[in-house]
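Read the structure below first, then the notes.
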Amino acid sequence: VQLQASGGGLVQPGGSLTLSCAASGFTFRLFGMYWLRQAPGKELEWVSAINHAGGVTNYPDSVKGRFTISRNNAKNTLYLRMNDLKPEDTALYYCARDKLGDIRGQGTLVTVSS
């Protein structure tokens, strides 16, 4: 299993970013997927989930209404669109095949700062 996240960077508060995750080594279209994040000094937390077909999504209250998870099963790619970013969204973001992050790739760093 390989999961390679990309698209992170430095953004001002209120800005937007879209993360991508290229998946390989497994049948992507059969699995629900997750985005997780880990802020400095904090535990890993999930920030979005999507079912295998892409029709069902779920978010914690901390990002609901601001983040949108999506997927393209033909391209084996997972996405996370993040709007109205806040300094507390600063973290290393991972895509994962499970909610606990046991199967996750290298993360991509998102820094929200003015």
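Please note that chains go A, B, ... in the order of the structure tokens, that every chain numbers its residues from 1, and that ligands are numbered from 1 in the order shown.
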Exercise for the section: Do a neighbour search on range 7-18 of chain A at 10 Å with only C-alpha atoms, toss out local chain neighbours closer than 6 positions, and write the hits as an MDAnalysis selection string. Expected result: chainID A and resid 66:69 79:93 107:114
Practice task
Just the residues within 9 Å of Tyr59 in chain A, please, counting only C-alpha atoms, with nothing from its chain fewer than 4 positions along; format it as an MDAnalysis selection string.
Solution key: chainID A and resid 46:49 63:65 67:69
Handout entry: strand (DSSP E or B) call set, DSSP backbone run, range 6-113 of chain A, as a ChimeraX atom specification
Key = /A:6,9-11,17-24,33-38,45-50,57-58,67-72,77-82,91-96,104,106,108-112
Got a sec: who's within 12 Å of Tyr34 in chain A, counting only C-alpha atoms, leaving out chain neighbours fewer than 3 positions off, as a PDB file with N, CA and C atoms, in the first residue's frame?
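Now in out-v8.pdb:
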```pdb
ATOM      1  N   LEU A   3       0.480   5.552  -0.206  1.00  0.00           N
ATOM      2  CA  LEU A   3      -0.386   6.719  -0.170  1.00  0.00           C
ATOM      3  C   LEU A   3       0.503   7.950  -0.109  1.00  0.00           C
ATOM      4  N   ALA A   5       0.561  11.912  -0.191  1.00  0.00           N
ATOM      5  CA  ALA A   5      -0.175  13.175  -0.111  1.00  0.00           C
ATOM      6  C   ALA A   5       0.676  14.323  -0.652  1.00  0.00           C
ATOM      7  N   SER A  20      -4.082  16.537  -2.401  1.00  0.00           N
ATOM      8  CA  SER A  20      -4.320  15.342  -3.199  1.00  0.00           C
ATOM      9  C   SER A  20      -3.569  14.176  -2.572  1.00  0.00           C
ATOM     10  N   CYS A  21      -4.062  12.977  -2.838  1.00  0.00           N
ATOM     11  CA  CYS A  21      -3.396  11.764  -2.353  1.00  0.00           C
ATOM     12  C   CYS A  21      -3.455  10.717  -3.446  1.00  0.00           C
ATOM     13  N   PHE A  31     -12.261   0.675  -1.035  1.00  0.00           N
ATOM     14  CA  PHE A  31     -12.007   1.083   0.342  1.00  0.00           C
ATOM     15  C   PHE A  31     -12.524   2.484   0.644  1.00  0.00           C
ATOM     16  N   ARG A  37      -4.893  14.493  10.477  1.00  0.00           N
ATOM     17  CA  ARG A  37      -3.871  15.514  10.656  1.00  0.00           C
ATOM     18  C   ARG A  37      -3.261  15.422  12.042  1.00  0.00           C
ATOM     19  N   GLU A  45      -5.578  13.235  14.571  1.00  0.00           N
ATOM     20  CA  GLU A  45      -7.037  13.308  14.569  1.00  0.00           C
ATOM     21  C   GLU A  45      -7.552  13.175  13.145  1.00  0.00           C
ATOM     22  N   TRP A  46      -8.742  12.589  13.013  1.00  0.00           N
ATOM     23  CA  TRP A  46      -9.310  12.479  11.677  1.00  0.00           C
ATOM     24  C   TRP A  46     -10.065  13.756  11.352  1.00  0.00           C
ATOM     25  N   VAL A  47     -10.029  14.159  10.104  1.00  0.00           N
ATOM     26  CA  VAL A  47     -10.708  15.382   9.694  1.00  0.00           C
ATOM     27  C   VAL A  47     -11.710  15.166   8.574  1.00  0.00           C
ATOM     28  N   SER A  48     -11.720  13.976   7.972  1.00  0.00           N
ATOM     29  CA  SER A  48     -12.748  13.698   6.984  1.00  0.00           C
ATOM     30  C   SER A  48     -12.720  12.225   6.632  1.00  0.00           C
ATOM     31  N   ALA A  49     -13.855  11.741   6.151  1.00  0.00           N
ATOM     32  CA  ALA A  49     -13.991  10.351   5.741  1.00  0.00           C
ATOM     33  C   ALA A  49     -14.917  10.284   4.533  1.00  0.00           C
ATOM     34  N   ILE A  50     -14.670   9.300   3.689  1.00  0.00           N
ATOM     35  CA  ILE A  50     -15.500   9.110   2.505  1.00  0.00           C
ATOM     36  C   ILE A  50     -15.641   7.617   2.245  1.00  0.00           C
ATOM     37  N   ASN A  51     -16.817   7.197   1.810  1.00  0.00           N
ATOM     38  CA  ASN A  51     -17.007   5.770   1.548  1.00  0.00           C
ATOM     39  C   ASN A  51     -16.376   5.392   0.217  1.00  0.00           C
ATOM     40  N   HIS A  52     -16.416   4.099  -0.115  1.00  0.00           N
ATOM     41  CA  HIS A  52     -15.669   3.609  -1.269  1.00  0.00           C
ATOM     42  C   HIS A  52     -16.145   4.222  -2.584  1.00  0.00           C
ATOM     43  N   GLY A  54     -17.763   7.191  -2.843  1.00  0.00           N
ATOM     44  CA  GLY A  54     -17.709   8.644  -2.812  1.00  0.00           C
ATOM     45  C   GLY A  54     -19.018   9.328  -2.495  1.00  0.00           C
ATOM     46  N   VAL A  56     -20.866   9.081   0.347  1.00  0.00           N
ATOM     47  CA  VAL A  56     -21.095   9.354   1.767  1.00  0.00           C
ATOM     48  C   VAL A  56     -19.831   9.951   2.367  1.00  0.00           C
ATOM     49  N   THR A  57     -19.976  11.095   3.018  1.00  0.00           N
ATOM     50  CA  THR A  57     -18.836  11.753   3.643  1.00  0.00           C
ATOM     51  C   THR A  57     -19.175  12.103   5.088  1.00  0.00           C
ATOM     52  N   ASN A  58     -18.143  12.328   5.882  1.00  0.00           N
ATOM     53  CA  ASN A  58     -18.348  12.653   7.285  1.00  0.00           C
ATOM     54  C   ASN A  58     -17.195  13.527   7.776  1.00  0.00           C
ATOM     55  N   TYR A  59     -17.519  14.449   8.678  1.00  0.00           N
ATOM     56  CA  TYR A  59     -16.520  15.394   9.179  1.00  0.00           C
ATOM     57  C   TYR A  59     -16.744  15.647  10.670  1.00  0.00           C
ATOM     58  N   PRO A  60     -15.674  15.924  11.400  1.00  0.00           N
ATOM     59  CA  PRO A  60     -15.860  16.381  12.783  1.00  0.00           C
ATOM     60  C   PRO A  60     -16.328  17.840  12.765  1.00  0.00           C
ATOM     61  N   THR A  68     -13.932  19.716   2.402  1.00  0.00           N
ATOM     62  CA  THR A  68     -14.699  18.803   1.549  1.00  0.00           C
ATOM     63  C   THR A  68     -13.784  17.708   1.043  1.00  0.00           C
ATOM     64  N   ILE A  69     -14.129  16.476   1.357  1.00  0.00           N
ATOM     65  CA  ILE A  69     -13.370  15.316   0.869  1.00  0.00           C
ATOM     66  C   ILE A  69     -14.051  14.795  -0.389  1.00  0.00           C
ATOM     67  N   SER A  70     -13.248  14.344  -1.342  1.00  0.00           N
ATOM     68  CA  SER A  70     -13.784  13.758  -2.567  1.00  0.00           C
ATOM     69  C   SER A  70     -12.776  12.757  -3.099  1.00  0.00           C
ATOM     70  N   ARG A  71     -13.179  12.006  -4.100  1.00  0.00           N
ATOM     71  CA  ARG A  71     -12.286  11.003  -4.673  1.00  0.00           C
ATOM     72  C   ARG A  71     -12.595  10.802  -6.139  1.00  0.00           C
ATOM     73  N   THR A  77      -7.240   8.548  -6.777  1.00  0.00           N
ATOM     74  CA  THR A  77      -6.825   9.777  -6.103  1.00  0.00           C
ATOM     75  C   THR A  77      -7.905  10.264  -5.140  1.00  0.00           C
ATOM     76  N   LEU A  78      -7.439  10.685  -3.973  1.00  0.00           N
ATOM     77  CA  LEU A  78      -8.280  11.253  -2.929  1.00  0.00           C
ATOM     78  C   LEU A  78      -7.953  12.739  -2.824  1.00  0.00           C
ATOM     79  N   TYR A  79      -8.973  13.549  -2.517  1.00  0.00           N
ATOM     80  CA  TYR A  79      -8.773  14.989  -2.427  1.00  0.00           C
ATOM     81  C   TYR A  79      -9.324  15.532  -1.107  1.00  0.00           C
ATOM     82  N   LEU A  80      -8.784  16.671  -0.702  1.00  0.00           N
ATOM     83  CA  LEU A  80      -9.351  17.412   0.427  1.00  0.00           C
ATOM     84  C   LEU A  80      -9.298  18.894   0.076  1.00  0.00           C
ATOM     85  N   TYR A  93      -0.779  16.798   7.294  1.00  0.00           N
ATOM     86  CA  TYR A  93      -1.985  16.124   6.838  1.00  0.00           C
ATOM     87  C   TYR A  93      -1.629  14.823   6.123  1.00  0.00           C
ATOM     88  N   TYR A  94      -2.352  13.763   6.484  1.00  0.00           N
ATOM     89  CA  TYR A  94      -2.140  12.443   5.909  1.00  0.00           C
ATOM     90  C   TYR A  94      -3.414  11.922   5.273  1.00  0.00           C
ATOM     91  N   CYS A  95      -3.270  11.173   4.202  1.00  0.00           N
ATOM     92  CA  CYS A  95      -4.389  10.355   3.758  1.00  0.00           C
ATOM     93  C   CYS A  95      -4.171   8.952   4.318  1.00  0.00           C
ATOM     94  N   ALA A  96      -5.256   8.292   4.631  1.00  0.00           N
ATOM     95  CA  ALA A  96      -5.162   6.995   5.299  1.00  0.00           C
ATOM     96  C   ALA A  96      -6.276   6.069   4.852  1.00  0.00           C
ATOM     97  N   ARG A  97      -6.017   4.779   4.976  1.00  0.00           N
ATOM     98  CA  ARG A  97      -7.015   3.785   4.626  1.00  0.00           C
ATOM     99  C   ARG A  97      -7.835   3.349   5.835  1.00  0.00           C
ATOM    100  N   ASP A  98      -7.462   3.844   7.024  1.00  0.00           N
ATOM    101  CA  ASP A  98      -8.220   3.536   8.224  1.00  0.00           C
ATOM    102  C   ASP A  98      -8.267   4.782   9.112  1.00  0.00           C
ATOM    103  N   LYS A  99      -9.246   4.854   9.973  1.00  0.00           N
ATOM    104  CA  LYS A  99      -9.472   6.068  10.755  1.00  0.00           C
ATOM    105  C   LYS A  99      -8.386   6.316  11.796  1.00  0.00           C
ATOM    106  N   LEU A 100      -7.718   5.255  12.246  1.00  0.00           N
ATOM    107  CA  LEU A 100      -6.667   5.420  13.249  1.00  0.00           C
ATOM    108  C   LEU A 100      -5.330   5.796  12.629  1.00  0.00           C
ATOM    109  N   GLY A 101      -5.236   5.665  11.306  1.00  0.00           N
ATOM    110  CA  GLY A 101      -3.996   6.042  10.646  1.00  0.00           C
ATOM    111  C   GLY A 101      -2.933   4.970  10.641  1.00  0.00           C
ATOM    112  N   ASP A 102      -3.324   3.720  10.936  1.00  0.00           N
ATOM    113  CA  ASP A 102      -2.341   2.643  10.914  1.00  0.00           C
ATOM    114  C   ASP A 102      -1.806   2.417   9.505  1.00  0.00           C
ATOM    115  N   ILE A 103      -2.635   2.689   8.506  1.00  0.00           N
ATOM    116  CA  ILE A 103      -2.217   2.551   7.110  1.00  0.00           C
ATOM    117  C   ILE A 103      -2.304   3.943   6.497  1.00  0.00           C
ATOM    118  N   ARG A 104      -1.206   4.658   6.542  1.00  0.00           N
ATOM    119  CA  ARG A 104      -1.158   6.007   6.003  1.00  0.00           C
ATOM    120  C   ARG A 104       0.185   6.261   5.370  1.00  0.00           C
ATOM    121  N   GLY A 105       0.229   7.241   4.503  1.00  0.00           N
ATOM    122  CA  GLY A 105       1.471   7.561   3.832  1.00  0.00           C
ATOM    123  C   GLY A 105       2.176   8.728   4.497  1.00  0.00           C
TER     124      GLY A 105
END
```
Exercise for the section: From a DSSP pass on the backbone, collect the residues of chain A flagged as helix (DSSP H, G or I) and hand them back as an MDAnalysis selection string. Expected result: chainID A and resid 28:30 87:89
Take the selection from the previous step and output its residues with C-alpha atoms, as a short mmCIF file (atom, residue, chain, number, x, y, z; two decimals), in the first residue's frame.
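Below is the file result09.cif, written as the result:
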```cif
data_model
loop_
_atom_site.label_atom_id
_atom_site.label_comp_id
_atom_site.auth_asym_id
_atom_site.auth_seq_id
_atom_site.Cartn_x
_atom_site.Cartn_y
_atom_site.Cartn_z
CA PHE A 28 -8.60 1.88 -4.22
CA ARG A 29 -12.25 1.83 -5.32
CA LEU A 30 -13.10 -0.87 -2.74
CA PRO A 87 -4.21 29.01 12.27
CA GLU A 88 -5.42 26.00 14.25
CA ASP A 89 -5.61 24.03 11.00
#
```
Problem - Coordinates-based distance that separates CA of Asn76 in chain A from CA of Phe26 in chain A (Å, one decimal) - result: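 Here the two named atoms are 9.6 Å from each other.
Shortest separation to Leu36 in chain A among A:Gly55, A:Leu19, A:Ser24, A:Lys75 occurs at residue A:Leu19, atoms counted being only C-alpha atoms.
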